[in-house]
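Encoded as structure tokens, the structure appears first; notes follow it.
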Amino acid sequence: MPTDATDRVRDAARPHTAPDPAEIAKFEAIAAEWWDPQGKFKPLHMLNPCRLDYITAQITGEFDRDPTRPRPLAGLRLLDIGCGGGLLSEPMARLGADVVGADPAARNIPVARLHAQQQGLEIDYRVTTAEDLAAAGERFDVVLCMEVIEHVPDPAVFLAACRDLLRPGGLMIVSTVNRTARSYAMAILGAEVVMRWLPRGTHDWRRFVTPEELSALLRGAGLEPVDRKGMVFDPLGWRWSLSDTDLGVNYAAAAIRPA
Amino acid sequence: MEHDADVLIVGGGLNGPLLALALARAGLRVTVIDALPAGVRGDPGFDGRAYAMALASVRMLRAMGLWAGLEADAEPILRVRAADGRVGEAPSALHLSLDHAEIEEGPLGAMVEDRHLRRALMDAMAAEPGITHRAGARVVAQAADATGVRVTLAGGETVRGALLVGCDGRDSGTARRAGIRRVHWRYGQTALVCAVEHTRPHNGVAQQLFLPGGPLAMLPLTHNRSSIVWSEATAVAAAIAGLDEAGYRAALTLRLGDALGEVGLVGRRWSYPLGLSLANRFVDARLALVGDAAHGIHPIAGQGLNLGLRDVAALAEVLVDALRRGEDIAAPAVLARYQVWRRFDATAMALATDTFNRVFSNDNGVLRGLRDIGLGVAGAVPTLRRAFMRQAAGLTGEVPRLMQGRPL
């Protein structure tokens, strides 16, 4: 996620209290930024429909829900790790899930809360980490970890916390960037250098994870991989779509915690 | 903002009710705000108006469960024939003829009378619990903010929703109130519309005759009747429209020649001034425009209605996909998908019909020669012929799921 490491350190030290009107104005500006499809988070907005297609298909498939009926995720408790401004938390809440949005960057949380409130959505947003939630004994039916794993210092430790957050039979969905020559060209040169979609230094190519490595990491954490698909950008249609075969750059995977 | 419905649709013609049905069946609550009182829609008498529905539009009605009730009263279009002509002369021997047997998809489309289509739509809307039909309600104001859109009706009542859709025709008040500007020009032509019964069989052939004053279309209806759409220079059209029935029939017979044998008028006579009217954008904050509200075009290729239905199918698909992903259906990113999908196609069609009309609606000798050769060549080359047919049938480009006959 395009969060800022220095913000995380600074904000984590700040106590969480009710914001004053000047703060709210600032949050509104940042919320507008998060939710502007042409703004700073344009790449996430472009990717979002494709991510949501994957997530909704996996959840409705695993929990035997009809995706064409209203609120197909009703009754499911879902955690969105690295929720940012709520680009995934809000859709999940609209689909009926009982959503906890977690982000270690404290400044994202009031922004996400404000936007959800404007949308008439109830989402439990918290400044916290997967590790802290796991230590507190929280349990979920679904854990989303989208575009996060390439930013964490130790993926194995992080995924172990995610496993602890899942109830037996629960579903974990991960998306990340493959470590290939093409992903270097697309995610670093393309997105950061040429298109300026992302700030320079958003991604460190050496931290990217291949699908095989991810499967091994998931298994190592006691999770059973059940599906993976590529997310492919089509420059002619100017949109992302899912692919069964091309996992060369962006991809998503699903795994269950065995009962 | 507490919403009365998810989607507010302004306009109760054909596009508005179709969109309402597609959205309500996917679980959205829809309010249709119709300026006309309830009794006017669904009058059972034949008023002379009918629609040429391309194959893709027929598939859409079938996918929406409406076709079964319409099929018995619809006339399939088996062949399309286009030729140059002059008033009082036989059509040019160089012509374009497209037969449905050359493509695999079956008839090229069907003629459906307005009264049957309206009745089917009114019945389907009444049977759909997710739709509130506000007949005889006129919108006087509208406003959008971060939480929703609010329209004010004459009388002061307000109705609130997440998204507003303008299906209110080429003089769209919805577009005007949103400050959306339009590019428009008049053709100096008026379309005369009527229906005739005739002695010669039409054999399911839709014919277009390019007369100097404008195109004349003969479109097959059931019981050996035909729908006539006939464009003339505005002054000529006004004079003809002012004639009594015998005079009107004589003017028509002069132009039809013996194509249909002896003809007699059935139903009313209509006239529509022709122009092109394109909205500068098809979407705005919590707003989308559909059909003529977005693009009013020349009827020369009979594509106005089909273009509107394609908007309906595309917008319904974009909104329902967004709904199932949990997206805010009125988010700018969602509405942008509809505009990207439809604006190029609609603008291209508007300009194509504009050019077509300019090339064909005149008596310039050079243009006549060129266009006759053009029609002759297009008619003689099978691949070109099939390409025209597939285009006219609505089978080209990115076809929305409903127009492929698939459910949303």
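FYI, nothing fancy with the structure tokens labels: chains A, B, ... in order, residues from 1 per chain, ligands from 1 as they appear.
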
(request) Pick out the chain A residues within 12 Å of chain B. Count only C-alpha atoms. Give them as a ChimeraX atom specification. (result) /A:28,31-32,35-39,42,44-60,66-73,86-97,114-121,237-239

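Among the residues of range 30-109 of chain B, backbone DSSP assigns alpha helix (DSSP H) to B:Leu55, B:Ala56, B:Ser57, B:Val58, B:Arg59, B:Met60, B:Leu61, B:Arg62, B:Ala63.
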
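Note that the spacing between CA of Val7 in chain B and CA of Val32 in chain B amounts to 8.5 Å.
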
(request) Just list the residues in range 73-192 of chain A DSSP gives strand (DSSP E or B) on the backbone, as a ChimeraX atom specification. (result) /A:77-81,98-102,124-126,140-146,166-177

(request) Give the answer as one residue: which of B:Pro212, B:Gly296, B:Gly179, B:Gly242 has the shortest atom-to-atom distance to Arg86 in chain B, using only C-alpha atoms? (result) B:Pro212

(request) Could you give me, as a ChimeraX atom specification, the residues within 7 Å of range 216-229 of chain B, counting only C-alpha atoms and dropping anything in the same chain fewer than 6 positions from it? (result) /B:50,73-75,111,191-198,201-202,204-210

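Restricting the calculation to only C-alpha atoms, the smallest distance between Leu309 in chain B and any of B:Leu276, B:Ala350, B:Leu96, B:Met53 is found for B:Met53.
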
Who sits within 12 Å of Lys26 in chain A, only C-alpha atoms, same chain under 4 positions skipped, as a JSON list (two decimals) with N, CA, C and O atoms, in the first residue's frame:
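Saved the output as result-v8.json:
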```json
[["chain", "number", "residue", "atom", "x", "y", "z"],
["A", 19, "PRO", "N", -10.95, 13.98, 17.07],
["A", 19, "PRO", "CA", -10.28, 15.07, 16.36],
["A", 19, "PRO", "C", -11.04, 16.39, 16.46],
["A", 19, "PRO", "O", -12.26, 16.40, 16.59],
["A", 20, "ASP", "N", -10.30, 17.51, 16.41],
["A", 20, "ASP", "CA", -10.95, 18.83, 16.43],
["A", 20, "ASP", "C", -11.35, 19.23, 15.02],
["A", 20, "ASP", "O", -10.98, 18.56, 14.05],
["A", 21, "PRO", "N", -12.15, 20.33, 14.86],
["A", 21, "PRO", "CA", -12.67, 20.71, 13.52],
["A", 21, "PRO", "C", -11.57, 20.92, 12.48],
["A", 21, "PRO", "O", -11.74, 20.53, 11.32],
["A", 22, "ALA", "N", -10.44, 21.49, 12.90],
["A", 22, "ALA", "CA", -9.35, 21.70, 11.94],
["A", 22, "ALA", "C", -8.83, 20.35, 11.45],
["A", 22, "ALA", "O", -8.52, 20.17, 10.27],
["A", 30, "ILE", "N", -7.80, 14.74, 2.96],
["A", 30, "ILE", "CA", -7.09, 13.48, 2.68],
["A", 30, "ILE", "C", -8.08, 12.43, 2.15],
["A", 30, "ILE", "O", -7.75, 11.66, 1.24],
["A", 31, "ALA", "N", -9.30, 12.44, 2.70],
["A", 31, "ALA", "CA", -10.32, 11.49, 2.23],
["A", 31, "ALA", "C", -10.61, 11.74, 0.76],
["A", 31, "ALA", "O", -10.71, 10.82, -0.04],
["A", 32, "ALA", "N", -10.74, 13.03, 0.43],
["A", 32, "ALA", "CA", -10.99, 13.38, -0.97],
["A", 32, "ALA", "C", -9.87, 12.85, -1.84],
["A", 32, "ALA", "O", -10.09, 12.36, -2.94],
["A", 33, "GLU", "N", -8.64, 12.91, -1.30],
["A", 33, "GLU", "CA", -7.48, 12.42, -2.02],
["A", 33, "GLU", "C", -7.55, 10.90, -2.21],
["A", 33, "GLU", "O", -7.37, 10.38, -3.30],
["A", 107, "ARG", "N", -3.05, 8.17, 10.67],
["A", 107, "ARG", "CA", -3.78, 9.24, 9.98],
["A", 107, "ARG", "C", -4.80, 8.71, 8.98],
["A", 107, "ARG", "O", -5.71, 9.42, 8.60],
["A", 108, "ASN", "N", -4.66, 7.44, 8.57],
["A", 108, "ASN", "CA", -5.64, 6.87, 7.64],
["A", 108, "ASN", "C", -6.98, 6.60, 8.30],
["A", 108, "ASN", "O", -8.02, 6.63, 7.65],
["A", 110, "PRO", "N", -9.02, 8.01, 10.86],
["A", 110, "PRO", "CA", -10.12, 8.99, 10.91],
["A", 110, "PRO", "C", -10.64, 9.34, 9.52],
["A", 110, "PRO", "O", -11.84, 9.60, 9.34],
["A", 111, "VAL", "N", -9.77, 9.30, 8.53],
["A", 111, "VAL", "CA", -10.15, 9.56, 7.16],
["A", 111, "VAL", "C", -11.12, 8.48, 6.67],
["A", 111, "VAL", "O", -12.18, 8.77, 6.12],
["A", 114, "LEU", "N", -14.50, 8.81, 8.48],
["A", 114, "LEU", "CA", -15.30, 9.93, 7.98],
["A", 114, "LEU", "C", -15.99, 9.53, 6.67],
["A", 114, "LEU", "O", -17.18, 9.77, 6.47]]
```

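If you count only C-alpha atoms and ignore residues fewer than 5 places along the chain from range 166-176 of chain A, what sits within 6 Å of it is Arg139, Phe140, Asp141, Val142, Val143, Leu144, Cys145, Met146, Glu147, Asn250, Tyr251, Ala252, Ala253, Ala254, Ala255, Ile256, Arg257, Pro258 and Ala259 of chain A.
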
(message) One decimal, in Å: what's the spacing between CA of Leu14 in chain B and CA of Gln339 in chain B?
(response) 20.3 Å

(request) Grab the CA of Arg134 in chain B to CA of Asp34 in chain B distance for me, in Å with one decimal place. (result) 5.9 Å
